[in-house]
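S.K.: Input file: coords_6.cif. Contents: mmCIF, C-alpha atoms.
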```
data_coords
loop_
_atom_site.label_atom_id
_atom_site.label_comp_id
_atom_site.auth_asym_id
_atom_site.auth_seq_id
_atom_site.Cartn_x
_atom_site.Cartn_y
_atom_site.Cartn_z
CA MET A 241 181.95 -64.27 61.54
CA GLU A 242 179.13 -66.67 60.70
CA VAL A 243 177.10 -67.01 57.51
CA ARG A 244 173.69 -68.58 58.23
CA ARG A 245 171.88 -69.86 55.16
CA PHE A 246 168.12 -70.25 54.89
CA GLU A 247 166.25 -72.34 52.34
CA ASP A 248 162.84 -71.04 53.37
CA PRO A 249 162.23 -67.33 52.57
CA ALA A 250 159.77 -67.03 55.45
CA ALA A 251 162.38 -68.25 57.94
CA PHE A 252 164.97 -65.91 56.45
CA PHE A 253 162.74 -62.85 56.68
CA ALA A 254 161.53 -63.74 60.16
CA HIS A 255 165.15 -63.80 61.32
CA ALA A 256 166.45 -60.84 59.32
CA ALA A 257 163.47 -58.47 59.48
CA PRO A 258 164.38 -56.70 62.76
CA PHE A 259 167.77 -55.78 61.26
CA LEU A 260 166.37 -54.82 57.86
CA GLU A 261 163.46 -52.78 59.17
CA ARG A 262 165.69 -50.54 61.27
CA ARG A 263 166.74 -48.97 57.94
CA GLU A 264 163.61 -49.48 55.89
CA ALA A 265 164.54 -47.12 53.07
CA GLU A 266 167.99 -48.64 52.58
CA HIS A 267 166.49 -52.12 52.50
CA ASN A 268 163.35 -51.38 50.50
CA LEU A 269 164.49 -53.60 47.62
CA LEU A 270 164.82 -56.72 49.76
CA LEU A 271 161.86 -55.95 52.03
CA GLY A 272 159.77 -55.34 48.93
CA LEU A 273 160.46 -58.90 47.75
CA ARG A 274 159.17 -60.50 50.93
CA THR A 275 155.53 -61.03 49.97
CA ARG A 276 156.42 -62.39 46.54
CA LEU A 277 159.13 -64.77 47.74
CA GLU A 278 157.20 -66.08 50.71
CA ALA A 279 154.38 -66.96 48.31
CA ASP A 280 156.78 -68.65 45.85
CA ARG A 281 160.51 -69.04 46.47
CA HIS A 282 160.95 -69.65 42.71
CA ALA A 283 159.03 -66.51 41.72
CA PHE A 284 161.93 -65.32 39.57
CA GLY A 285 162.87 -68.62 37.96
CA PRO A 286 163.37 -72.36 38.46
CA ASP A 287 166.81 -72.17 40.09
CA ASP A 288 166.96 -72.19 43.88
CA PRO A 289 167.37 -68.79 45.51
CA TYR A 290 170.03 -67.99 48.09
CA PHE A 291 169.31 -66.34 51.44
CA ALA A 292 171.85 -65.69 54.18
CA VAL A 293 172.25 -63.66 57.34
CA LEU A 294 175.72 -62.51 58.39
CA GLU A 295 176.33 -62.59 62.13
CA SER A 296 179.15 -61.57 64.44
CA GLY A 297 178.99 -62.52 68.10
CA GLY A 298 175.36 -63.51 67.69
CA GLU A 299 174.39 -60.10 66.26
CA ILE A 300 173.22 -59.60 62.68
CA VAL A 301 175.59 -57.34 60.75
CA GLY A 302 174.18 -57.90 57.26
CA ALA A 303 172.13 -60.03 54.91
CA ALA A 304 172.50 -61.31 51.36
CA TRP A 305 170.20 -62.86 48.81
CA ARG A 306 170.05 -64.05 45.24
CA THR A 307 167.02 -64.77 43.07
CA PRO A 308 168.39 -66.31 39.86
CA PRO A 309 168.85 -65.15 37.16
CA HIS A 310 169.61 -61.96 39.08
CA GLY A 311 172.95 -61.32 40.76
CA LEU A 312 173.75 -61.23 44.46
CA GLY A 313 172.14 -58.56 46.62
CA LEU A 314 173.66 -57.09 49.76
CA SER A 315 171.98 -55.28 52.60
CA ARG A 316 173.78 -52.62 54.59
CA ILE A 317 176.85 -54.35 56.03
CA ASP A 318 177.85 -53.10 59.48
CA ASP A 319 181.17 -54.99 59.48
CA LEU A 320 182.95 -55.35 56.13
CA ALA A 321 184.70 -58.48 57.40
CA ALA A 322 181.34 -60.15 56.82
CA VAL A 323 181.77 -59.60 53.07
CA ASP A 324 184.86 -61.83 53.11
CA ALA A 325 182.92 -64.61 54.82
CA LEU A 326 180.06 -64.18 52.36
CA ALA A 327 182.36 -64.39 49.33
CA GLU A 328 183.68 -67.68 50.64
CA ASP A 329 180.16 -69.01 51.22
CA VAL A 330 178.95 -68.26 47.67
CA ARG A 331 182.00 -69.64 45.86
CA GLU A 332 179.92 -72.28 44.07
CA LEU A 333 177.40 -69.79 42.67
CA ASP A 334 177.59 -68.54 39.10
CA LEU A 335 177.33 -64.82 39.73
CA GLN A 336 177.13 -62.25 36.95
CA GLY A 337 176.80 -59.31 39.28
CA VAL A 338 176.26 -57.86 42.73
CA ILE A 339 174.24 -54.90 43.97
CA GLY A 340 174.64 -53.27 47.35
CA PRO A 341 175.94 -50.32 49.35
CA VAL A 342 178.97 -48.77 47.70
CA ALA A 343 181.71 -49.99 50.05
CA ALA A 344 180.29 -53.48 50.55
CA ALA A 345 179.65 -54.04 46.84
CA GLU A 346 183.17 -52.85 46.00
CA ARG A 347 184.70 -55.18 48.60
CA PHE A 348 182.72 -58.14 47.26
CA ALA A 349 183.70 -57.28 43.68
CA GLN A 350 187.39 -57.21 44.62
CA LEU A 351 187.13 -60.63 46.27
CA TRP A 352 185.07 -62.12 43.44
CA GLN A 353 187.51 -60.95 40.79
CA ALA A 354 190.39 -62.51 42.71
CA GLU A 355 188.44 -65.74 43.16
CA THR A 356 187.10 -66.16 39.62
CA GLY A 357 189.37 -64.21 37.31
CA LEU A 358 186.35 -62.33 36.01
CA VAL A 359 186.57 -58.59 35.44
CA GLY A 360 184.21 -56.42 37.46
CA ARG A 361 182.94 -52.98 36.59
CA ILE A 362 180.34 -50.65 38.03
CA ALA A 363 177.49 -50.89 35.56
CA VAL A 364 175.13 -48.49 37.35
CA ALA A 365 175.64 -46.14 40.29
CA GLU A 366 172.28 -45.50 41.96
CA ARG A 367 170.83 -43.44 44.78
CA ILE A 368 167.95 -44.44 47.04
CA TYR A 369 165.46 -41.69 47.82
CA GLU A 370 162.69 -41.50 50.41
CA ALA A 371 159.67 -39.20 50.57
CA ARG A 372 157.63 -38.56 53.71
CA GLU A 373 155.71 -35.70 52.12
CA ALA A 374 155.03 -34.71 48.54
CA PHE A 375 154.85 -31.42 46.62
CA PRO A 376 153.22 -31.96 43.21
CA PRO A 377 154.19 -29.08 40.92
CA ASP A 378 151.63 -26.57 39.69
CA GLY A 379 151.09 -25.52 36.12
CA VAL A 380 151.92 -28.76 34.32
CA PRO A 381 149.42 -29.30 31.50
CA GLY A 382 147.31 -32.44 31.67
CA ARG A 383 145.99 -34.65 34.42
CA TYR A 384 146.75 -37.71 36.52
CA ARG A 385 144.69 -40.83 35.98
CA PRO A 386 144.87 -44.60 36.59
CA TYR A 387 146.20 -46.90 33.91
CA ALA A 388 143.43 -48.38 31.75
CA GLY A 389 143.23 -51.42 29.50
CA GLY A 390 143.37 -49.25 26.41
CA ASP A 391 146.84 -48.06 27.46
CA HIS A 392 148.31 -51.58 27.32
CA ASP A 393 150.11 -51.60 23.98
CA LEU A 394 151.54 -48.11 24.34
CA VAL A 395 152.72 -48.58 27.94
CA ALA A 396 154.16 -52.04 27.15
CA GLU A 397 156.20 -50.36 24.40
CA TRP A 398 157.29 -47.69 26.85
CA MET A 399 158.37 -50.29 29.41
CA ASP A 400 160.47 -52.04 26.75
CA ALA A 401 162.07 -48.68 25.96
CA PHE A 402 162.66 -48.06 29.67
CA ALA A 403 164.39 -51.43 30.05
CA ALA A 404 166.62 -50.76 27.04
CA GLU A 405 167.54 -47.33 28.39
CA ALA A 406 167.78 -47.86 32.15
CA LEU A 407 168.34 -51.61 32.63
CA ALA A 408 170.87 -52.30 29.89
CA ALA A 409 173.40 -53.41 32.51
CA MET A 410 171.16 -56.28 33.62
CA PRO A 411 171.47 -59.69 31.94
CA VAL A 412 168.83 -60.01 29.23
CA GLY A 413 167.37 -63.07 30.95
CA ALA A 414 166.80 -61.04 34.11
CA ARG A 415 164.75 -58.33 32.36
CA GLU A 416 161.01 -58.58 31.87
CA THR A 417 159.40 -57.54 28.63
CA GLY A 418 156.98 -54.67 28.86
CA ALA A 419 154.04 -57.03 28.43
CA GLU A 420 155.35 -59.33 31.18
CA PHE A 421 155.77 -56.38 33.52
CA LEU A 422 152.21 -55.22 32.89
CA ALA A 423 150.81 -58.70 33.48
CA ARG A 424 152.70 -59.03 36.77
CA ARG A 425 151.68 -55.57 37.90
CA ALA A 426 148.02 -56.27 37.07
CA ALA A 427 148.13 -59.39 39.27
CA ASP A 428 149.79 -57.57 42.19
CA VAL A 429 147.27 -56.48 44.80
CA ASN A 430 149.93 -54.20 46.32
CA GLY A 431 150.93 -52.48 43.11
CA GLY A 432 149.56 -50.49 40.21
CA LEU A 433 150.19 -48.18 37.30
CA VAL A 434 149.24 -44.58 36.63
CA VAL A 435 149.64 -42.22 33.70
CA TRP A 436 149.80 -38.53 33.05
CA GLU A 437 147.52 -37.55 30.20
CA ASP A 438 147.77 -34.35 28.17
CA ASP A 439 145.42 -33.34 25.38
CA GLY A 440 143.68 -36.70 25.59
CA ARG A 441 146.75 -38.94 25.26
CA PRO A 442 149.15 -40.56 27.74
CA VAL A 443 152.48 -38.74 27.93
CA SER A 444 154.14 -40.40 30.96
CA ALA A 445 153.67 -43.58 33.00
CA ALA A 446 154.72 -44.75 36.45
CA GLY A 447 154.39 -47.96 38.41
CA TYR A 448 154.38 -48.61 42.14
CA GLY A 449 154.46 -51.64 44.41
CA SER A 450 156.89 -53.82 46.39
CA PRO A 451 155.48 -52.98 49.84
CA THR A 452 157.70 -52.67 52.87
CA PRO A 453 156.23 -52.54 56.39
CA HIS A 454 155.49 -48.83 56.07
CA GLY A 455 156.19 -47.89 52.47
CA LEU A 456 155.98 -48.56 48.75
CA ARG A 457 158.50 -48.20 45.95
CA VAL A 458 157.68 -45.94 43.01
CA GLY A 459 158.93 -47.00 39.60
CA PRO A 460 159.56 -47.50 36.82
CA VAL A 461 158.86 -43.98 35.57
CA TYR A 462 159.02 -43.34 31.84
CA THR A 463 158.38 -40.42 29.51
CA PRO A 464 159.22 -40.79 25.80
CA PRO A 465 162.26 -38.69 24.82
CA GLU A 466 160.27 -36.40 22.55
CA LEU A 467 157.93 -35.49 25.44
CA ARG A 468 160.55 -34.83 28.10
CA GLY A 469 161.25 -31.43 29.60
CA LYS A 470 157.58 -30.51 29.99
CA GLY A 471 157.23 -31.53 33.66
CA TYR A 472 155.09 -34.61 33.03
CA ALA A 473 157.18 -37.04 35.10
CA SER A 474 157.50 -34.55 37.96
CA ALA A 475 153.75 -34.02 38.03
CA LEU A 476 152.98 -37.72 37.80
CA VAL A 477 155.43 -38.81 40.51
CA GLY A 478 154.49 -35.92 42.76
CA GLU A 479 150.78 -36.69 42.54
CA LEU A 480 151.29 -40.45 42.85
CA THR A 481 153.49 -39.99 45.92
CA ALA A 482 150.99 -37.63 47.53
CA ARG A 483 148.20 -40.15 47.02
CA LEU A 484 150.19 -43.11 48.33
CA LEU A 485 151.15 -41.17 51.45
CA ALA A 486 147.56 -40.04 51.94
CA SER A 487 146.44 -43.67 51.72
CA GLY A 488 148.38 -44.45 54.90
CA ARG A 489 151.89 -45.22 53.70
CA ARG A 490 154.54 -43.55 55.84
CA TYR A 491 157.18 -43.49 53.11
CA CYS A 492 157.63 -43.80 49.37
CA PHE A 493 160.94 -44.89 47.89
CA LEU A 494 162.55 -44.70 44.49
CA TYR A 495 165.89 -45.32 42.81
CA THR A 496 167.70 -42.98 40.44
CA ASP A 497 170.69 -43.45 38.18
CA LEU A 498 173.38 -41.04 39.39
CA SER A 499 174.48 -40.48 35.81
CA ASN A 500 171.11 -38.80 35.13
CA PRO A 501 171.15 -35.37 36.80
CA THR A 502 167.64 -34.60 35.58
CA SER A 503 165.91 -37.39 37.50
CA ASN A 504 167.96 -36.71 40.62
CA SER A 505 166.86 -33.08 40.50
CA ILE A 506 163.16 -33.40 39.67
CA TYR A 507 162.39 -36.00 42.32
CA GLN A 508 163.95 -33.88 45.03
CA ARG A 509 161.72 -30.99 43.97
CA VAL A 510 158.59 -33.09 44.58
CA GLY A 511 159.66 -34.24 48.05
CA TYR A 512 162.23 -37.04 47.78
CA ARG A 513 165.35 -36.89 49.92
CA PRO A 514 168.55 -38.90 49.37
CA VAL A 515 169.16 -41.80 51.75
CA SER A 516 172.14 -43.80 50.49
CA ASP A 517 174.03 -44.86 47.36
CA VAL A 518 174.31 -48.34 45.90
CA SER A 519 176.42 -49.83 43.13
CA LEU A 520 175.47 -52.48 40.60
CA TRP A 521 178.59 -54.38 39.49
CA ARG A 522 178.78 -56.66 36.46
CA PHE A 523 181.32 -59.50 36.17
CA ASP A 524 182.52 -60.45 32.69
CA PRO A 525 185.23 -62.73 31.29
CA ALA A 526 188.66 -61.12 31.09
#
```
So, in terms of structure tokens, how does the structure I just supplied come out?
M.R.:
Amino acid sequence: MEVRRFEDPAAFFAHAAPFLERREAEHNLLLGLRTRLEADRHAFGPDDPYFAVLESGGEIVGAAWRTPPHGLGLSRIDDLAAVDALAEDVRELDLQGVIGPVAAAERFAQLWQAETGLVGRIAVAERIYEAREAFPPDGVPGRYRPYAGGDHDLVAEWMDAFAAEALAAMPVGARETGAEFLARRAADVNGGLVVWEDDGRPVSAAGYGSPTPHGLRVGPVYTPPELRGKGYASALVGELTARLLASGRRYCFLYTDLSNPTSNSIYQRVGYRPVSDVSLWRFDPA
């Protein structure tokens, strides 16, 4: 088993893309980073990123990456023996977590705990969904519209609330503020924001971006707690997905927290189908 490191993101993606693109939905997180990292390998911070391809007999069986301050990311791993070689290769890294397919992430966590003495736990269990068609629900009051400058303060507050609710397992330094997220999204030619408006006021917001060869990822999606249960998020995501697919995208992707049965149910009703499960592990001192 060989671990091939790459310093240049462009070289890494050029080598790994044929493997990654065979399962575009499963690898939408990494593929969605390509444009940003090829433009600036330090897009997420000043520390050097890590990129590696795992090979057996000259064939790619997996890939791994890290963009500090985030943890290690794992692609689908076709041979779990590659995880052992990877754990050896990253011994010098200060890792606070790993995200990847359930079995591969669990194997890495076992090895990392034995190596470091840290205690690992599954912080979030997630499911990747893919939509090739969309079914916006009827009868939801309000309308879909693009995000506007006047929405900034409210949506920034919502994105802070989303991070506190859905991203609590991530290190604080790896989470954007709502205002930072909006600034980055505004500068992203491949991304955008939309809102659902009812009775003249925004009631739900959704972002999209991170293009893959044939798709886009939808998220984050946020509705304030006092406005939930009215169908706003379903209507917004359904309409957004329909429009993205009509624009020429073959797929849309999104992630859900498996501990939230509501989100896993509503997105399936508007056209999303489960693809695979991933685990986010956190490593903490014993």
S.K.: Convert the output of the PyMOL selection byres ((chain A and resi 329) around 10) on the shown file into explicit residues, formatted as JSON, numbers by chain.
M.R.: {"A": [242, 243, 244, 245, 292, 323, 324, 325, 326, 327, 328, 330, 331, 332, 333]}
S.K.: Would you tabulate, counting all atoms listed in the file, all residues of region 444-522 of chain A that have an atom at most 12 Å from an atom of region 432-440 of chain A, showing the closest pair of atoms and their distance in Å to one decimal, sorted by chain then ascending number, as JSON lines?
M.R.:
```
{"residue": "A:Ser444", "atom": "CA", "partner": "A:Trp436", "partner_atom": "CA", "distance": 5.2}
{"residue": "A:Ala445", "atom": "CA", "partner": "A:Val435", "partner_atom": "CA", "distance": 4.3}
{"residue": "A:Ala446", "atom": "CA", "partner": "A:Val434", "partner_atom": "CA", "distance": 5.5}
{"residue": "A:Gly447", "atom": "CA", "partner": "A:Leu433", "partner_atom": "CA", "distance": 4.3}
{"residue": "A:Tyr448", "atom": "CA", "partner": "A:Gly432", "partner_atom": "CA", "distance": 5.5}
{"residue": "A:Gly449", "atom": "CA", "partner": "A:Gly432", "partner_atom": "CA", "distance": 6.6}
{"residue": "A:Ser450", "atom": "CA", "partner": "A:Gly432", "partner_atom": "CA", "distance": 10.1}
{"residue": "A:Pro451", "atom": "CA", "partner": "A:Gly432", "partner_atom": "CA", "distance": 11.6}
{"residue": "A:Leu456", "atom": "CA", "partner": "A:Gly432", "partner_atom": "CA", "distance": 10.9}
{"residue": "A:Arg457", "atom": "CA", "partner": "A:Gly432", "partner_atom": "CA", "distance": 10.9}
{"residue": "A:Val458", "atom": "CA", "partner": "A:Leu433", "partner_atom": "CA", "distance": 9.7}
{"residue": "A:Gly459", "atom": "CA", "partner": "A:Leu433", "partner_atom": "CA", "distance": 9.1}
{"residue": "A:Pro460", "atom": "CA", "partner": "A:Leu433", "partner_atom": "CA", "distance": 9.4}
{"residue": "A:Val461", "atom": "CA", "partner": "A:Val435", "partner_atom": "CA", "distance": 9.6}
{"residue": "A:Tyr462", "atom": "CA", "partner": "A:Val435", "partner_atom": "CA", "distance": 9.6}
{"residue": "A:Thr463", "atom": "CA", "partner": "A:Trp436", "partner_atom": "CA", "distance": 9.5}
{"residue": "A:Leu467", "atom": "CA", "partner": "A:Asp438", "partner_atom": "CA", "distance": 10.6}
{"residue": "A:Lys470", "atom": "CA", "partner": "A:Asp438", "partner_atom": "CA", "distance": 10.7}
{"residue": "A:Gly471", "atom": "CA", "partner": "A:Trp436", "partner_atom": "CA", "distance": 10.2}
{"residue": "A:Tyr472", "atom": "CA", "partner": "A:Trp436", "partner_atom": "CA", "distance": 6.6}
{"residue": "A:Ala473", "atom": "CA", "partner": "A:Trp436", "partner_atom": "CA", "distance": 7.8}
{"residue": "A:Ser474", "atom": "CA", "partner": "A:Trp436", "partner_atom": "CA", "distance": 10.0}
{"residue": "A:Ala475", "atom": "CA", "partner": "A:Trp436", "partner_atom": "CA", "distance": 7.8}
{"residue": "A:Leu476", "atom": "CA", "partner": "A:Trp436", "partner_atom": "CA", "distance": 5.8}
{"residue": "A:Val477", "atom": "CA", "partner": "A:Val434", "partner_atom": "CA", "distance": 9.3}
{"residue": "A:Gly478", "atom": "CA", "partner": "A:Trp436", "partner_atom": "CA", "distance": 11.1}
{"residue": "A:Glu479", "atom": "CA", "partner": "A:Trp436", "partner_atom": "CA", "distance": 9.7}
{"residue": "A:Leu480", "atom": "CA", "partner": "A:Val434", "partner_atom": "CA", "distance": 7.7}
{"residue": "A:Thr481", "atom": "CA", "partner": "A:Val434", "partner_atom": "CA", "distance": 11.2}
{"residue": "A:Arg483", "atom": "CA", "partner": "A:Val434", "partner_atom": "CA", "distance": 11.3}
{"residue": "A:Leu484", "atom": "CA", "partner": "A:Gly432", "partner_atom": "CA", "distance": 11.0}
```
S.K.: Pull C-alpha atoms from the residues just selected and write them as a compact mmCIF listing (two decimals), in the frame of the given file.
M.R.:
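Output saved as selection-v8.txt:
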```txt
# COMPACT_ATOMS: atom_id res chain seq x y z
CA SER A 444 154.14 -40.40 30.96
CA ALA A 445 153.67 -43.58 33.00
CA ALA A 446 154.72 -44.75 36.45
CA GLY A 447 154.39 -47.96 38.41
CA TYR A 448 154.38 -48.61 42.14
CA GLY A 449 154.46 -51.64 44.41
CA SER A 450 156.89 -53.82 46.39
CA PRO A 451 155.48 -52.98 49.84
CA LEU A 456 155.98 -48.56 48.75
CA ARG A 457 158.50 -48.20 45.95
CA VAL A 458 157.68 -45.94 43.01
CA GLY A 459 158.93 -47.00 39.60
CA PRO A 460 159.56 -47.50 36.82
CA VAL A 461 158.86 -43.98 35.57
CA TYR A 462 159.02 -43.34 31.84
CA THR A 463 158.38 -40.42 29.51
CA LEU A 467 157.93 -35.49 25.44
CA LYS A 470 157.58 -30.51 29.99
CA GLY A 471 157.23 -31.53 33.66
CA TYR A 472 155.09 -34.61 33.03
CA ALA A 473 157.18 -37.04 35.10
CA SER A 474 157.50 -34.55 37.96
CA ALA A 475 153.75 -34.02 38.03
CA LEU A 476 152.98 -37.72 37.80
CA VAL A 477 155.43 -38.81 40.51
CA GLY A 478 154.49 -35.92 42.76
CA GLU A 479 150.78 -36.69 42.54
CA LEU A 480 151.29 -40.45 42.85
CA THR A 481 153.49 -39.99 45.92
CA ARG A 483 148.20 -40.15 47.02
CA LEU A 484 150.19 -43.11 48.33
```
S.K.: So which residues get picked by the PyMOL selection byres ((chain A and resi 455) around 6) here, written as a list in words?
M.R.: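 Matching residues under the PyMOL selection byres ((chain A and resi 455) around 6) are Pro451, Thr452, His454, Leu456, Arg489, Arg490, Tyr491 and Cys492 of chain A.
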S.K.: Selected by the PyMOL selection byres ((chain A and resi 286-291) around 7) in the shown coordinates: which residues, as a PDB file with C-alpha atoms, in the frame of the given file?
M.R.:
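Result written to out.pdb:
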```
ATOM      1  CA  ARG A 245     171.880 -69.860  55.160  1.00  0.00           C
ATOM      2  CA  PHE A 246     168.120 -70.250  54.890  1.00  0.00           C
ATOM      3  CA  GLU A 247     166.250 -72.340  52.340  1.00  0.00           C
ATOM      4  CA  PHE A 252     164.970 -65.910  56.450  1.00  0.00           C
ATOM      5  CA  ARG A 281     160.510 -69.040  46.470  1.00  0.00           C
ATOM      6  CA  HIS A 282     160.950 -69.650  42.710  1.00  0.00           C
ATOM      7  CA  GLY A 285     162.870 -68.620  37.960  1.00  0.00           C
ATOM      8  CA  ALA A 292     171.850 -65.690  54.180  1.00  0.00           C
ATOM      9  CA  ALA A 304     172.500 -61.310  51.360  1.00  0.00           C
ATOM     10  CA  TRP A 305     170.200 -62.860  48.810  1.00  0.00           C
ATOM     11  CA  ARG A 306     170.050 -64.050  45.240  1.00  0.00           C
ATOM     12  CA  THR A 307     167.020 -64.770  43.070  1.00  0.00           C
ATOM     13  CA  PRO A 308     168.390 -66.310  39.860  1.00  0.00           C
TER      14      PRO A 308
END
```
S.K.: For region 496-503 of chain A, list every protein, DNA or RNA residue within 7 Å, evaluated using only C-alpha atoms, and leave out those in the same chain fewer than 2 positions away; present the list as a list in words.
M.R.: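 Here the answer would be Val364, Ala365, Glu366, Arg367, Ile368, Leu494, Ser505, Ile506 and Tyr507 of chain A.
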S.K.: What does the file look like for those residues with C-alpha atoms, as a compact mmCIF listing (two decimals), keeping the file's coordinate frame?
M.R.:
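Result saved to out27.txt:
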```txt
# COMPACT_ATOMS: atom_id res chain seq x y z
CA VAL A 364 175.13 -48.49 37.35
CA ALA A 365 175.64 -46.14 40.29
CA GLU A 366 172.28 -45.50 41.96
CA ARG A 367 170.83 -43.44 44.78
CA ILE A 368 167.95 -44.44 47.04
CA LEU A 494 162.55 -44.70 44.49
CA SER A 505 166.86 -33.08 40.50
CA ILE A 506 163.16 -33.40 39.67
CA TYR A 507 162.39 -36.00 42.32
```
S.K.: Which one is closest to Glu355 (chain A): A:Val515, A:Leu335, A:Ala371, A:Ala251? Count only C-alpha atoms.
M.R.: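 Using only C-alpha atoms, the shortest distance to Glu355 (chain A) belongs to A:Leu335.
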S.K.: Given the choices A:Asp378, A:Ala427, A:Gly313, A:Glu420, which gets closest to Ala345 (chain A) if the distance is worked out from all atoms listed in the file?
M.R.: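 Answer, going by the shortest atom-to-atom distance: A:Gly313.
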S.K.: Between A:Ala257, A:Ala401, A:Leu294, A:Ala303, single out the one closest to Ala321 (chain A), counting all atoms listed in the file.
M.R.: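 Counting all atoms listed in the file, the residue closest to Ala321 (chain A) is A:Leu294.
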S.K.: Just to confirm, what's the straight-line distance from CA of Glu416 (chain A) to CA of Val395 (chain A) in Å (one decimal)?
M.R.: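 These atoms are spaced 13.6 Å apart.
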S.K.: Rank nothing, just name the residue among A:Asn430, A:Ala526, A:Ser516, A:Ala406 nearest to Gly272 (chain A), using all atoms listed in the file.
M.R.: A:Asn430
S.K.: Using all atoms listed in the file, which of the listed residues (A:Val443, A:Asp524, A:Gln353, A:Ala482) sits closest to Gly469 (chain A)?
M.R.: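 Between A:Val443, A:Asp524, A:Gln353, A:Ala482, the residue approaching Gly469 (chain A) most closely is A:Val443.
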S.K.: To one decimal place in Å, what is the distance between CA of Ala403 (chain A) and CA of Thr417 (chain A)?
M.R.: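 It comes out at 8.0 Å.
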S.K.: Report, in Å to a single decimal, how far apart CA of Ser519 (chain A) and CA of Glu405 (chain A) are.
M.R.: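 Result for CA of Glu405 (chain A) versus CA of Ser519 (chain A): 17.4 Å, one decimal.
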S.K.: Closest to Ile362 (chain A) among A:Pro381, A:Pro386, A:Gly488, A:Gly337, using only C-alpha atoms?
M.R.: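 Of A:Pro381, A:Pro386, A:Gly488, A:Gly337, the one nearest Ile362 (chain A), counting only C-alpha atoms, is A:Gly337.
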S.K.: Can you pull out the residues contacting His392 (chain A)? Cut-off 12 Å, using all atoms listed in the file, and skip same-chain residues under 5 positions away; I want them as a short mmCIF file (atom, residue, chain, number, x, y, z; two decimals) with C-alpha atoms, in the coordinates of the input.
M.R.:
```cif
data_model
loop_
_atom_site.label_atom_id
_atom_site.label_comp_id
_atom_site.auth_asym_id
_atom_site.auth_seq_id
_atom_site.Cartn_x
_atom_site.Cartn_y
_atom_site.Cartn_z
CA TYR A 387 146.20 -46.90 33.91
CA GLU A 397 156.20 -50.36 24.40
CA TRP A 398 157.29 -47.69 26.85
CA MET A 399 158.37 -50.29 29.41
CA GLY A 418 156.98 -54.67 28.86
CA ALA A 419 154.04 -57.03 28.43
CA GLU A 420 155.35 -59.33 31.18
CA PHE A 421 155.77 -56.38 33.52
CA LEU A 422 152.21 -55.22 32.89
CA ALA A 423 150.81 -58.70 33.48
CA ARG A 425 151.68 -55.57 37.90
CA ALA A 426 148.02 -56.27 37.07
CA LEU A 433 150.19 -48.18 37.30
CA VAL A 434 149.24 -44.58 36.63
CA VAL A 435 149.64 -42.22 33.70
CA PRO A 442 149.15 -40.56 27.74
CA ALA A 445 153.67 -43.58 33.00
#
```
S.K.: Starting from the point (155.9, -59.2, 52.4), work out which residues of protein, DNA or RNA have an atom no more than 9 Å away when counting only C-alpha atoms; state them as a PyMOL selection string.
M.R.: chain A and resi 253+271-279+450-453
S.K.: For those residues, write C-alpha atoms to a file as a PDB file, in the frame of the given file.
M.R.:
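Done, and the output landed in result.pdb:
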```pdb
ATOM      1  CA  PHE A 253     162.740 -62.850  56.680  1.00  0.00           C
ATOM      2  CA  LEU A 271     161.860 -55.950  52.030  1.00  0.00           C
ATOM      3  CA  GLY A 272     159.770 -55.340  48.930  1.00  0.00           C
ATOM      4  CA  LEU A 273     160.460 -58.900  47.750  1.00  0.00           C
ATOM      5  CA  ARG A 274     159.170 -60.500  50.930  1.00  0.00           C
ATOM      6  CA  THR A 275     155.530 -61.030  49.970  1.00  0.00           C
ATOM      7  CA  ARG A 276     156.420 -62.390  46.540  1.00  0.00           C
ATOM      8  CA  LEU A 277     159.130 -64.770  47.740  1.00  0.00           C
ATOM      9  CA  GLU A 278     157.200 -66.080  50.710  1.00  0.00           C
ATOM     10  CA  ALA A 279     154.380 -66.960  48.310  1.00  0.00           C
ATOM     11  CA  SER A 450     156.890 -53.820  46.390  1.00  0.00           C
ATOM     12  CA  PRO A 451     155.480 -52.980  49.840  1.00  0.00           C
ATOM     13  CA  THR A 452     157.700 -52.670  52.870  1.00  0.00           C
ATOM     14  CA  PRO A 453     156.230 -52.540  56.390  1.00  0.00           C
TER      15      PRO A 453
END
```
S.K.: Render region 317-334 of chain A from the structure in the preceding block as a file of C-alpha atoms, as an mmCIF file, in the first residue's frame.
M.R.:
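This went into part-v8.cif:
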```
data_model
loop_
_atom_site.group_PDB
_atom_site.id
_atom_site.type_symbol
_atom_site.label_atom_id
_atom_site.label_comp_id
_atom_site.auth_asym_id
_atom_site.auth_seq_id
_atom_site.Cartn_x
_atom_site.Cartn_y
_atom_site.Cartn_z
ATOM 1 C CA ILE A 317 -11.845 3.707 0.734
ATOM 2 C CA ASP A 318 -11.978 0.563 -1.391
ATOM 3 C CA ASP A 319 -9.416 -1.293 0.749
ATOM 4 C CA LEU A 320 -9.454 -0.572 4.488
ATOM 5 C CA ALA A 321 -5.790 -1.585 4.712
ATOM 6 C CA ALA A 322 -5.140 1.812 3.149
ATOM 7 C CA VAL A 323 -6.441 3.472 6.323
ATOM 8 C CA ASP A 324 -3.603 1.873 8.304
ATOM 9 C CA ALA A 325 -1.034 3.253 5.872
ATOM 10 C CA LEU A 326 -2.686 6.670 6.005
ATOM 11 C CA ALA A 327 -2.671 6.769 9.812
ATOM 12 C CA GLU A 328 1.060 6.115 9.742
ATOM 13 C CA ASP A 329 1.617 8.845 7.155
ATOM 14 C CA VAL A 330 -0.207 11.556 9.151
ATOM 15 C CA ARG A 331 1.382 10.777 12.520
ATOM 16 C CA GLU A 332 2.961 14.231 12.736
ATOM 17 C CA LEU A 333 -0.307 16.098 12.160
ATOM 18 C CA ASP A 334 -2.281 17.598 15.030
#
```
